[in-house]
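Colleague: Below is query.csv; it holds CSV, C-alpha atoms.
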chain,number,residue,atom,x,y,z
A,1,MET,CA,-57.2,-50.1,-33.2
A,2,TRP,CA,-57.2,-47.2,-30.7
A,3,LEU,CA,-53.9,-45.7,-31.7
A,4,PRO,CA,-55.2,-44.1,-35.0
A,5,LEU,CA,-58.2,-42.7,-33.3
A,6,LEU,CA,-55.9,-41.3,-30.6
A,7,GLY,CA,-53.8,-39.8,-33.3
A,8,LEU,CA,-56.9,-38.2,-34.9
A,9,LEU,CA,-57.9,-36.7,-31.5
A,10,ILE,CA,-54.4,-35.3,-30.8
A,11,GLY,CA,-54.3,-33.8,-34.3
A,12,ILE,CA,-57.7,-32.1,-33.8
A,13,VAL,CA,-56.6,-30.8,-30.4
A,14,ILE,CA,-53.3,-29.4,-31.8
A,15,GLY,CA,-55.1,-27.9,-34.7
A,16,SER,CA,-57.7,-26.1,-32.6
A,17,THR,CA,-55.2,-24.9,-29.9
A,18,LEU,CA,-52.6,-23.5,-32.3
A,19,TYR,CA,-53.9,-20.6,-34.1
A,20,ILE,CA,-52.7,-20.8,-37.7
A,21,PRO,CA,-54.1,-18.0,-39.8
A,22,ILE,CA,-54.8,-19.0,-43.4
A,23,PRO,CA,-55.4,-16.2,-45.8
A,24,GLY,CA,-58.8,-16.3,-47.5
A,25,ALA,CA,-57.3,-16.9,-50.9
A,26,PHE,CA,-55.6,-20.1,-49.7
A,27,ALA,CA,-58.6,-21.5,-47.9
A,28,LYS,CA,-59.8,-23.1,-51.1
A,29,TYR,CA,-56.5,-24.9,-51.7
A,30,LEU,CA,-56.4,-26.1,-48.2
A,31,SER,CA,-59.9,-27.6,-48.6
A,32,VAL,CA,-58.8,-29.6,-51.6
A,33,ALA,CA,-55.7,-30.7,-49.7
A,34,VAL,CA,-57.9,-31.9,-46.9
A,35,LEU,CA,-60.1,-33.7,-49.3
A,36,ALA,CA,-57.1,-35.4,-50.9
A,37,SER,CA,-55.8,-36.5,-47.5
A,38,LEU,CA,-59.2,-37.8,-46.5
A,39,ASP,CA,-59.1,-39.9,-49.7
A,40,SER,CA,-55.6,-41.2,-48.8
A,41,VAL,CA,-56.7,-42.2,-45.3
A,42,PHE,CA,-59.7,-44.1,-46.5
A,43,GLY,CA,-57.5,-45.7,-49.2
A,44,GLY,CA,-55.2,-46.7,-46.4
A,45,LEU,CA,-58.0,-48.2,-44.3
A,46,LYS,CA,-59.3,-50.1,-47.4
A,47,SER,CA,-55.8,-51.6,-48.0
A,48,ILE,CA,-55.6,-52.7,-44.3
A,49,LEU,CA,-58.9,-54.5,-44.8
A,50,GLU,CA,-57.7,-56.0,-48.0
A,51,ASP,CA,-54.5,-57.1,-46.4
A,52,ARG,CA,-52.5,-55.2,-49.0
A,53,PHE,CA,-51.3,-52.4,-46.7
A,54,ASP,CA,-48.0,-50.6,-47.2
A,55,GLY,CA,-47.0,-47.8,-44.8
A,56,ALA,CA,-44.8,-46.1,-47.3
A,57,ILE,CA,-47.5,-46.0,-49.9
A,58,LEU,CA,-49.9,-44.5,-47.4
A,59,LEU,CA,-47.6,-41.8,-46.2
A,60,THR,CA,-46.3,-40.8,-49.6
A,61,GLY,CA,-49.8,-40.9,-51.0
A,62,PHE,CA,-51.0,-38.8,-48.2
A,63,PHE,CA,-48.5,-36.0,-48.7
A,64,THR,CA,-48.2,-36.1,-52.5
A,65,ASN,CA,-52.0,-36.3,-53.0
A,66,ALA,CA,-52.6,-33.3,-50.7
A,67,LEU,CA,-49.8,-31.2,-52.1
A,68,LEU,CA,-50.6,-32.1,-55.7
A,69,ALA,CA,-54.3,-31.3,-55.2
A,70,ALA,CA,-53.5,-28.0,-53.7
A,71,LEU,CA,-50.9,-27.2,-56.4
A,72,LEU,CA,-53.2,-28.2,-59.2
A,73,ALA,CA,-56.0,-26.1,-57.8
A,74,TYR,CA,-53.7,-23.2,-57.5
A,75,LEU,CA,-52.3,-23.7,-61.0
A,76,GLY,CA,-55.9,-24.0,-62.4
A,77,ASP,CA,-56.7,-20.7,-60.8
A,78,ARG,CA,-53.6,-19.1,-62.4
A,79,LEU,CA,-54.5,-20.6,-65.8
A,80,GLY,CA,-58.2,-19.9,-65.6
A,81,VAL,CA,-59.2,-23.5,-65.6
A,82,ASP,CA,-61.2,-24.8,-62.7
A,83,LEU,CA,-58.9,-27.7,-61.9
A,84,TYR,CA,-60.2,-27.2,-58.4
A,85,LEU,CA,-63.5,-28.8,-59.4
A,86,ALA,CA,-61.6,-31.6,-61.1
A,87,ALA,CA,-59.7,-32.4,-57.9
A,88,VAL,CA,-62.9,-32.2,-55.9
A,89,PHE,CA,-64.6,-34.5,-58.3
A,90,ALA,CA,-61.8,-37.0,-58.6
A,91,PHE,CA,-61.1,-37.2,-54.9
A,92,GLY,CA,-64.8,-37.2,-54.1
A,93,VAL,CA,-65.5,-40.2,-56.4
A,94,ARG,CA,-62.5,-42.1,-55.0
A,95,LEU,CA,-63.5,-41.3,-51.5
A,96,PHE,CA,-66.9,-42.8,-52.0
A,97,GLN,CA,-65.5,-45.8,-53.8
A,98,ASN,CA,-63.1,-46.4,-51.0
A,99,LEU,CA,-65.9,-46.1,-48.5
A,100,ALA,CA,-68.0,-48.5,-50.4
A,101,ILE,CA,-65.2,-51.1,-50.5
A,102,ILE,CA,-64.5,-50.6,-46.8
A,103,ARG,CA,-68.2,-51.1,-46.1
A,104,ARG,CA,-68.2,-54.3,-48.1
A,105,GLU,CA,-65.0,-55.6,-46.6
A,106,VAL,CA,-66.2,-55.0,-43.0
A,107,LEU,CA,-69.6,-56.6,-43.8
A,108,ALA,CA,-68.0,-59.6,-45.4
A,109,GLY,CA,-65.6,-60.0,-42.5
A,110,TRP,CA,-68.4,-59.8,-40.0
A,111,LEU,CA,-70.6,-62.2,-41.9
A,112,LYS,CA,-67.7,-64.7,-42.2
A,113,LYS,CA,-67.1,-64.5,-38.5
A,114,ARG,CA,-70.7,-65.1,-37.7
A,115,HIS,CA,-70.9,-68.0,-40.2
A,116,LEU,CA,-67.8,-69.6,-38.6
A,117,ALA,CA,-69.2,-69.1,-35.2
A,118,ALA,CA,-72.5,-70.7,-36.3
A,119,ALA,CA,-70.7,-73.6,-37.9
A,120,ARG,CA,-68.7,-74.2,-34.7
A,121,GLU,CA,-71.8,-74.2,-32.6
A,122,ASN,CA,-73.4,-76.6,-35.0
A,123,LYS,CA,-70.4,-78.9,-34.7
A,124,ASN,CA,-70.4,-78.6,-30.9
A,125,GLY,CA,-74.1,-79.4,-31.0
A,126,GLN,CA,-73.6,-82.5,-33.1
A,127,CYS,CA,-70.9,-83.8,-30.8
B,1,MET,CA,-49.6,-58.9,-34.0
B,2,ASP,CA,-46.6,-58.1,-36.2
B,3,ASN,CA,-49.0,-57.1,-39.0
B,4,ALA,CA,-51.0,-54.8,-36.7
B,5,LYS,CA,-47.8,-53.1,-35.5
B,6,LYS,CA,-46.8,-52.6,-39.1
B,7,TRP,CA,-49.8,-50.6,-40.0
B,8,GLN,CA,-50.5,-48.8,-36.8
B,9,ILE,CA,-47.6,-46.3,-36.9
B,10,PRO,CA,-48.2,-44.9,-40.4
B,11,VAL,CA,-51.9,-44.8,-39.8
B,12,PHE,CA,-51.4,-43.0,-36.5
B,13,ILE,CA,-49.2,-40.4,-38.3
B,14,THR,CA,-51.7,-39.9,-41.1
B,15,PHE,CA,-54.6,-39.6,-38.7
B,16,LEU,CA,-52.7,-37.1,-36.6
B,17,LEU,CA,-52.0,-35.0,-39.7
B,18,LEU,CA,-55.6,-35.5,-40.9
B,19,GLY,CA,-57.0,-34.3,-37.6
B,20,PHE,CA,-54.7,-31.3,-37.7
B,21,LEU,CA,-55.6,-30.4,-41.2
B,22,LEU,CA,-59.3,-30.9,-40.6
B,23,SER,CA,-59.4,-28.6,-37.5
B,24,VAL,CA,-57.3,-25.9,-39.2
B,25,GLN,CA,-59.5,-26.0,-42.3
B,26,PHE,CA,-62.7,-26.0,-40.2
B,27,ARG,CA,-61.6,-22.9,-38.4
B,28,THR,CA,-60.4,-21.2,-41.5
B,29,GLN,CA,-63.7,-21.9,-43.1
B,30,GLN,CA,-65.6,-20.5,-40.1
B,31,ILE,CA,-63.6,-17.3,-40.4
B,32,PHE,CA,-64.0,-17.3,-44.2
B,33,LEU,CA,-67.8,-17.7,-44.0
B,34,SER,CA,-68.2,-14.8,-41.6
B,35,ASP,CA,-66.5,-12.5,-44.1
B,36,LEU,CA,-68.9,-10.1,-45.6
B,37,SER,CA,-67.6,-10.3,-49.1
B,38,LEU,CA,-68.6,-14.0,-49.3
B,39,GLN,CA,-72.1,-13.6,-48.1
B,40,LYS,CA,-75.0,-14.2,-50.5
B,41,THR,CA,-76.5,-11.1,-52.1
B,42,ASP,CA,-79.9,-11.8,-50.6
B,43,ASP,CA,-78.4,-12.0,-47.1
B,44,LEU,CA,-76.5,-8.8,-47.7
B,45,VAL,CA,-79.6,-7.0,-48.9
B,46,LEU,CA,-81.5,-8.3,-45.8
B,47,MET,CA,-78.7,-7.2,-43.6
B,48,LEU,CA,-78.5,-3.8,-45.3
B,49,LYS,CA,-82.3,-3.4,-44.8
B,50,LYS,CA,-82.1,-4.3,-41.2
B,51,LEU,CA,-79.2,-1.9,-40.6
B,52,HIS,CA,-81.0,0.8,-42.5
B,53,ASP,CA,-84.1,0.3,-40.3
B,54,LYS,CA,-82.1,0.3,-37.2
B,55,ARG,CA,-80.3,3.5,-38.3
B,56,GLY,CA,-83.7,5.2,-38.9
B,57,GLU,CA,-84.9,4.1,-35.4
B,58,LEU,CA,-81.7,5.4,-33.8
B,59,ALA,CA,-82.0,8.7,-35.7
B,60,LYS,CA,-85.6,9.1,-34.5
B,61,GLU,CA,-84.4,8.3,-30.9
B,62,LEU,CA,-81.6,10.9,-31.3
B,63,SER,CA,-84.0,13.6,-32.4
B,64,GLU,CA,-86.3,12.8,-29.6
B,65,LEU,CA,-83.5,13.0,-27.1
B,66,GLU,CA,-82.3,16.2,-28.6
B,67,LYS,CA,-85.8,17.6,-28.2
B,68,GLN,CA,-85.8,16.5,-24.6
B,69,GLN,CA,-82.5,18.1,-24.1
B,70,ARG,CA,-83.7,21.4,-25.5
B,71,THR,CA,-86.7,21.4,-23.2
B,72,PHE,CA,-84.5,20.7,-20.3
B,73,ASN,CA,-82.2,23.5,-21.3
B,74,ALA,CA,-85.2,25.8,-21.6
B,75,ASP,CA,-86.3,24.7,-18.2
B,76,VAL,CA,-82.9,25.4,-16.7
B,77,ASN,CA,-82.9,28.8,-18.4
B,78,ALA,CA,-86.4,29.6,-17.0
B,79,GLY,CA,-85.2,28.5,-13.6
B,80,GLU,CA,-82.2,30.7,-13.9
B,81,THR,CA,-84.3,33.7,-14.9
B,82,LEU,CA,-86.6,33.1,-12.1
B,83,THR,CA,-83.8,32.9,-9.6
B,84,LYS,CA,-82.3,36.0,-11.0
B,85,GLY,CA,-85.6,37.8,-10.8
B,86,LEU,CA,-86.2,36.7,-7.2
B,87,ARG,CA,-82.7,37.8,-6.2
B,88,GLN,CA,-83.3,41.2,-7.8
B,89,ASP,CA,-86.7,41.5,-6.1
B,90,TYR,CA,-85.2,40.5,-2.7
B,91,GLN,CA,-82.4,43.0,-3.1
B,92,ARG,CA,-84.8,45.8,-4.0
B,93,GLN,CA,-86.9,45.0,-0.9
B,94,GLN,CA,-83.8,45.0,1.3
B,95,ILE,CA,-82.7,48.4,-0.2
B,96,ALA,CA,-86.2,49.8,0.4
B,97,LEU,CA,-86.2,48.6,4.0
B,98,GLY,CA,-82.7,50.0,4.5
B,99,LEU,CA,-81.1,46.7,5.2
B,100,LEU,CA,-78.4,47.2,2.7
B,101,PRO,CA,-75.8,50.0,2.5
B,102,VAL,CA,-76.7,52.2,-0.4
B,103,GLN,CA,-75.1,55.0,-2.4
B,104,GLY,CA,-76.3,57.6,-4.9
B,105,PRO,CA,-76.6,61.4,-5.4
B,106,GLY,CA,-78.3,63.5,-2.8
B,107,ILE,CA,-77.9,66.2,-0.2
B,108,THR,CA,-76.5,66.6,3.3
B,109,ILE,CA,-78.1,68.9,5.9
B,110,THR,CA,-75.8,69.9,8.7
B,111,ILE,CA,-77.2,71.4,11.9
B,112,SER,CA,-74.6,73.1,14.1
B,113,THR,CA,-74.0,72.3,17.7
B,114,ASP,CA,-75.6,75.4,19.2
B,115,SER,CA,-78.9,75.2,17.4
B,116,PRO,CA,-82.0,75.3,19.6
B,117,ILE,CA,-83.6,72.3,17.9
B,118,VAL,CA,-86.3,70.0,19.2
B,119,TYR,CA,-87.1,66.5,18.0
B,120,LEU,CA,-90.1,67.7,16.1
B,121,ASP,CA,-87.9,69.8,13.9
B,122,LEU,CA,-85.9,66.7,13.0
B,123,VAL,CA,-89.1,64.8,12.3
B,124,ASP,CA,-90.2,67.7,10.1
B,125,ILE,CA,-87.0,67.7,8.1
B,126,ILE,CA,-87.2,64.0,7.6
B,127,ASN,CA,-90.9,64.2,6.6
B,128,GLU,CA,-90.1,66.9,4.2
B,129,LEU,CA,-87.3,64.8,2.7
B,130,TRP,CA,-89.6,61.8,2.2
B,131,ALA,CA,-92.1,64.1,0.7
B,132,SER,CA,-89.5,65.4,-1.7
B,133,GLN,CA,-89.0,61.8,-2.9
B,134,ALA,CA,-85.9,60.9,-0.9
B,135,GLU,CA,-85.1,57.3,-1.4
B,136,ALA,CA,-83.0,56.8,1.7
B,137,ILE,CA,-82.3,58.9,4.8
B,138,ALA,CA,-79.7,58.6,7.5
B,139,VAL,CA,-79.2,60.8,10.6
B,140,ASN,CA,-75.6,60.7,11.9
B,141,GLU,CA,-74.9,57.4,10.1
B,142,GLN,CA,-78.1,55.8,11.3
B,143,ARG,CA,-80.6,54.8,8.6
B,144,VAL,CA,-84.1,56.0,9.0
B,145,THR,CA,-86.3,52.9,8.6
B,146,PRO,CA,-90.1,52.2,9.1
B,147,TRP,CA,-89.3,51.3,12.7
B,148,THR,CA,-87.2,54.3,13.5
B,149,ASN,CA,-88.3,56.4,16.5
B,150,ILE,CA,-87.2,59.9,17.3
B,151,PHE,CA,-88.0,61.5,20.7
B,152,TRP,CA,-86.8,63.7,23.4
B,153,ASN,CA,-85.4,61.7,26.2
B,154,LYS,CA,-86.4,63.3,29.5
B,155,GLN,CA,-84.1,61.3,31.7
B,156,ASN,CA,-80.8,62.4,30.2
B,157,LEU,CA,-82.2,65.4,28.3
B,158,SER,CA,-81.1,64.4,24.8
B,159,LEU,CA,-82.5,64.0,21.4
B,160,THR,CA,-82.7,60.3,20.8
B,161,MET,CA,-83.1,58.2,17.7
B,162,ASN,CA,-83.5,54.5,17.9
B,163,GLY,CA,-82.5,54.7,21.5
B,164,ARG,CA,-79.2,56.4,20.8
B,165,GLU,CA,-78.5,60.0,21.5
B,166,ILE,CA,-78.1,62.2,18.5
B,167,ALA,CA,-74.8,64.1,18.7
B,168,PHE,CA,-74.4,67.6,17.4
B,169,PRO,CA,-73.4,68.8,14.9
B,170,CYS,CA,-75.9,66.6,13.3
B,171,THR,CA,-75.7,65.6,9.7
B,172,ILE,CA,-78.7,64.3,7.8
B,173,LYS,CA,-78.0,62.5,4.6
B,174,ALA,CA,-80.7,61.9,2.0
B,175,ILE,CA,-80.4,60.1,-1.4
B,176,GLY,CA,-82.6,61.3,-4.1
B,177,ASN,CA,-82.8,64.0,-6.8
B,178,PRO,CA,-80.6,66.7,-5.1
B,179,GLU,CA,-82.4,69.6,-6.6
B,180,LYS,CA,-85.8,68.3,-5.7
B,181,LEU,CA,-84.7,67.6,-2.1
B,182,GLU,CA,-83.2,71.0,-1.6
B,183,SER,CA,-86.1,72.9,-3.2
B,184,GLY,CA,-88.5,70.9,-1.0
B,185,LEU,CA,-86.6,72.0,2.1
B,186,ARG,CA,-86.4,75.6,0.9
B,187,LEU,CA,-90.1,75.8,0.0
B,188,LEU,CA,-91.6,79.1,1.0
B,189,GLY,CA,-93.1,78.7,4.4
B,190,GLY,CA,-91.5,75.3,4.6
B,191,VAL,CA,-89.2,73.7,7.0
B,192,LEU,CA,-86.2,76.0,6.6
B,193,ASP,CA,-88.4,79.1,6.9
B,194,HIS,CA,-89.9,77.6,10.1
B,195,LEU,CA,-86.5,76.9,11.5
B,196,ALA,CA,-85.3,80.4,10.6
B,197,ILE,CA,-87.8,81.8,13.1
B,198,TYR,CA,-85.7,80.0,15.8
B,199,LYS,CA,-82.5,81.2,14.3
B,200,VAL,CA,-81.6,77.7,13.1
B,201,TYR,CA,-79.8,77.8,9.8
B,202,PRO,CA,-79.0,74.3,8.6
B,203,VAL,CA,-76.3,74.0,5.9
B,204,ILE,CA,-77.4,72.2,2.8
B,205,LYS,CA,-74.9,70.7,0.4
B,206,ARG,CA,-75.5,68.7,-2.7
B,207,HIS,CA,-73.4,65.6,-3.4
B,208,GLN,CA,-72.8,63.5,-6.5
B,209,ASN,CA,-72.3,60.4,-4.5
B,210,LEU,CA,-73.4,59.8,-0.9
B,211,GLU,CA,-73.0,56.5,1.0
B,212,LEU,CA,-75.6,55.5,3.6
B,213,PRO,CA,-75.1,52.6,6.0
B,214,ALA,CA,-77.4,49.7,6.5
B,215,ALA,CA,-79.8,49.4,9.4
B,216,SER,CA,-80.0,46.3,11.5
B,217,PRO,CA,-82.9,44.1,10.5
B,218,PRO,CA,-86.1,44.3,12.6
B,219,ASP,CA,-87.0,41.6,15.1
B,220,ILE,CA,-90.0,39.8,13.7
B,221,ARG,CA,-91.8,37.4,16.0
B,222,TYR,CA,-95.5,37.8,15.6
B,223,LEU,CA,-95.8,38.9,12.1
B,224,THR,CA,-96.9,36.7,9.2
B,225,ALA,CA,-98.3,37.7,5.8
B,226,THR,CA,-102.1,37.4,5.6
B,227,ASN,CA,-102.2,36.0,2.1
B,228,SER,CA,-99.0,34.0,2.1
B,229,GLU,CA,-99.3,31.0,-0.1
As a first step, turn the structure in this file into structure tokens.

Modeller:
Amino acid sequence: MWLPLLGLLIGIVIGSTLYIPIPGAFAKYLSVAVLASLDSVFGGLKSILEDRFDGAILLTGFFTNALLAALLAYLGDRLGVDLYLAAVFAFGVRLFQNLAIIRREVLAGWLKKRHLAAARENKNGQC
Amino acid sequence: MDNAKKWQIPVFITFLLLGFLLSVQFRTQQIFLSDLSLQKTDDLVLMLKKLHDKRGELAKELSELEKQQRTFNADVNAGETLTKGLRQDYQRQQIALGLLPVQGPGITITISTDSPIVYLDLVDIINELWASQAEAIAVNEQRVTPWTNIFWNKQNLSLTMNGREIAFPCTIKAIGNPEKLESGLRLLGGVLDHLAIYKVYPVIKRHQNLELPAASPPDIRYLTATNSE
């Protein structure tokens, strides 16, 4: 449970200590990439909770989603179509869906645990 | 446990990358937002107005400071003029008192060694020279000043000026208008006529440039100006 949080922390520390200058023109694409990777991460968390987790899918999804989002946004800019907005919309919707599912799974898990505990206590009381 | 291990490594990697991306993006966005070309027009207008106001204030301050500087300069100039004036005044006083060596056109009167001359004759000559608007007089390289005394020393039987014996031939130098000085001496019934009675014939010569020495300053112990401020 703590290992992913540790990873997040280390990532943040590395990112803020290393100075990586991003030209203003690319900041937009990077933001879409970040959104895509956030979506992938939440998707991964959801799959863990649904017991359908696959490491390969998470990693490939993470990279391809990020890269594709950035590339599409770039391509959209070249073509004069705001694909950037499409990416933001698509990933934003998916992000909220994933979050909702995660919330429901966590809540369900918690309720189940409590129910079980209550049932056990009832049983113990009867005995 | 096996299941947990299976998911922890990929999630760790993705979280690491996500953290990295997030912080980089965060910083880029911070820099990006502070860029002027991305500010809102309203903000820019406000900033422009503020800067304009500030510029006006600074310009006002600058002009005030410049005014101040000008007055200071004027003060300094006034001070300099005052100092200059005072120095000139002081020099004029010193010259008048005979405390500075001076030079200028004038005449010399030479009285030969064998002249039967008394101290009053010398005083007469000097008085006549002053009357003929001499500006400075010296007898044998001794300046005649307001505190000069000329008398006959009875002890060693010598003509004395300022306590020093006057050696003959004696030369009196006077600075002033040479013509005026000479004519004053040669006045009919004047000093030279009077001396001629005693067969004293001083030699008078005009000079374009005479140099007179300075007298030593007087010893002032009791004097103070009455209306000194």

Colleague: Near chain A, which residues of chain B fall within 8 Å when you count only C-alpha atoms, and what do they look like as a count of residues only?

Modeller: 23

Colleague: Can you pull out the residues contacting stretch 83-97 of chain A? Cut-off 7 Å, using all atoms listed in the file, and skip same-chain residues under 6 positions away; I want them as a ChimeraX atom specification.

Modeller: /A:32,35-36,39,42,69,72-73,76

Colleague: So the first atom is atom CA of B:Ser216 and the second is atom CA of B:Thr145; what is the distance between them in Å, to one decimal place?

Modeller: 9.6 Å

Colleague: Enter the distance from atom CA of B:Val123 to atom CA of B:Ile150, in Å, rounded to one decimal.

Modeller: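 Interatomic distance, atom CA of B:Val123 to atom CA of B:Ile150: 7.3 Å.
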
Colleague: When you look at A:Glu50 with a cut-off of 12 Å (counting all atoms listed in the file), what residues show up, excluding the ones that are within fewer than 2 positions of it in the same chain? I need them as a PyMOL selection string.

Modeller: chain A and resi 43-48+52-54+98+101-106+108-109

Colleague: Assuming 6 Å of padding per side, give the centre and edge lengths of the axis-aligned box around every listed atom of stretch 34-52 of chain A, in Å to one decimal and as lines of an AutoDock Vina configuration file.

Modeller:
center_x = -56.3
center_y = -44.5
center_z = -47.6
size_x = 19.6
size_y = 37.2
size_z = 18.6

Colleague: Rounded to one decimal, what separation in Å do you get between atom CA of A:Leu79 and atom CA of B:Thr41?

Modeller: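 Computing it gives 27.6 Å between the two atoms.
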
Colleague: Under the rule that all atoms listed in the file are counted, which of B:Asn153, B:Ala96, B:Pro169, B:Met161 is the nearest residue to B:Val203?

Modeller: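 Among the listed residues, the smallest separation from B:Val203 belongs to B:Pro169.
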
Colleague: Excluding B:Tyr201 and residues on its chain fewer than 5 positions from it, collect all residues at most 10 Å away from it, counting only C-alpha atoms, and give them as a PDB file with C-alpha atoms, in the frame of the given file.

Modeller:
ATOM      1  CA  ILE B 109     -78.100  68.900   5.900  1.00  0.00           C
ATOM      2  CA  THR B 110     -75.800  69.900   8.700  1.00  0.00           C
ATOM      3  CA  ILE B 111     -77.200  71.400  11.900  1.00  0.00           C
ATOM      4  CA  SER B 112     -74.600  73.100  14.100  1.00  0.00           C
ATOM      5  CA  SER B 115     -78.900  75.200  17.400  1.00  0.00           C
ATOM      6  CA  LEU B 192     -86.200  76.000   6.600  1.00  0.00           C
ATOM      7  CA  ASP B 193     -88.400  79.100   6.900  1.00  0.00           C
ATOM      8  CA  LEU B 195     -86.500  76.900  11.500  1.00  0.00           C
ATOM      9  CA  ALA B 196     -85.300  80.400  10.600  1.00  0.00           C
TER      10      ALA B 196
END

Colleague: Would you mind writing stretch 120-135 of chain B with N, CA and C atoms, as a compact mmCIF listing (two decimals), in the frame of the given file?

Modeller:
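Below is the file selection15.txt, written as the result:
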# COMPACT_ATOMS: atom_id res chain seq x y z
N LEU B 120 -89.13 67.49 17.13
CA LEU B 120 -90.10 67.70 16.10
C LEU B 120 -89.54 68.34 14.84
N ASP B 121 -88.55 69.21 15.05
CA ASP B 121 -87.90 69.80 13.90
C ASP B 121 -87.21 68.77 13.05
N LEU B 122 -86.58 67.84 13.73
CA LEU B 122 -85.90 66.70 13.00
C LEU B 122 -86.90 65.89 12.24
N VAL B 123 -88.03 65.61 12.92
CA VAL B 123 -89.10 64.80 12.30
C VAL B 123 -89.62 65.59 11.07
N ASP B 124 -89.77 66.93 11.23
CA ASP B 124 -90.20 67.70 10.10
C ASP B 124 -89.30 67.65 8.93
N ILE B 125 -87.99 67.78 9.22
CA ILE B 125 -87.00 67.70 8.10
C ILE B 125 -87.09 66.36 7.41
N ILE B 126 -87.15 65.33 8.20
CA ILE B 126 -87.20 64.00 7.60
C ILE B 126 -88.49 63.80 6.80
N ASN B 127 -89.60 64.26 7.36
CA ASN B 127 -90.90 64.20 6.60
C ASN B 127 -90.81 64.92 5.31
N GLU B 128 -90.20 66.12 5.36
CA GLU B 128 -90.10 66.90 4.20
C GLU B 128 -89.24 66.21 3.10
N LEU B 129 -88.16 65.58 3.61
CA LEU B 129 -87.30 64.80 2.70
C LEU B 129 -88.05 63.69 2.03
N TRP B 130 -88.79 62.92 2.83
CA TRP B 130 -89.60 61.80 2.20
C TRP B 130 -90.57 62.39 1.23
N ALA B 131 -91.18 63.54 1.59
CA ALA B 131 -92.10 64.10 0.70
C ALA B 131 -91.49 64.58 -0.61
N SER B 132 -90.19 64.95 -0.54
CA SER B 132 -89.50 65.40 -1.70
C SER B 132 -88.85 64.15 -2.46
N GLN B 133 -89.44 63.02 -2.22
CA GLN B 133 -89.00 61.80 -2.90
C GLN B 133 -87.62 61.33 -2.58
N ALA B 134 -87.22 61.50 -1.32
CA ALA B 134 -85.90 60.90 -0.90
C ALA B 134 -86.11 59.41 -0.90
N GLU B 135 -85.03 58.72 -1.30
CA GLU B 135 -85.10 57.30 -1.40
C GLU B 135 -84.53 56.59 -0.13
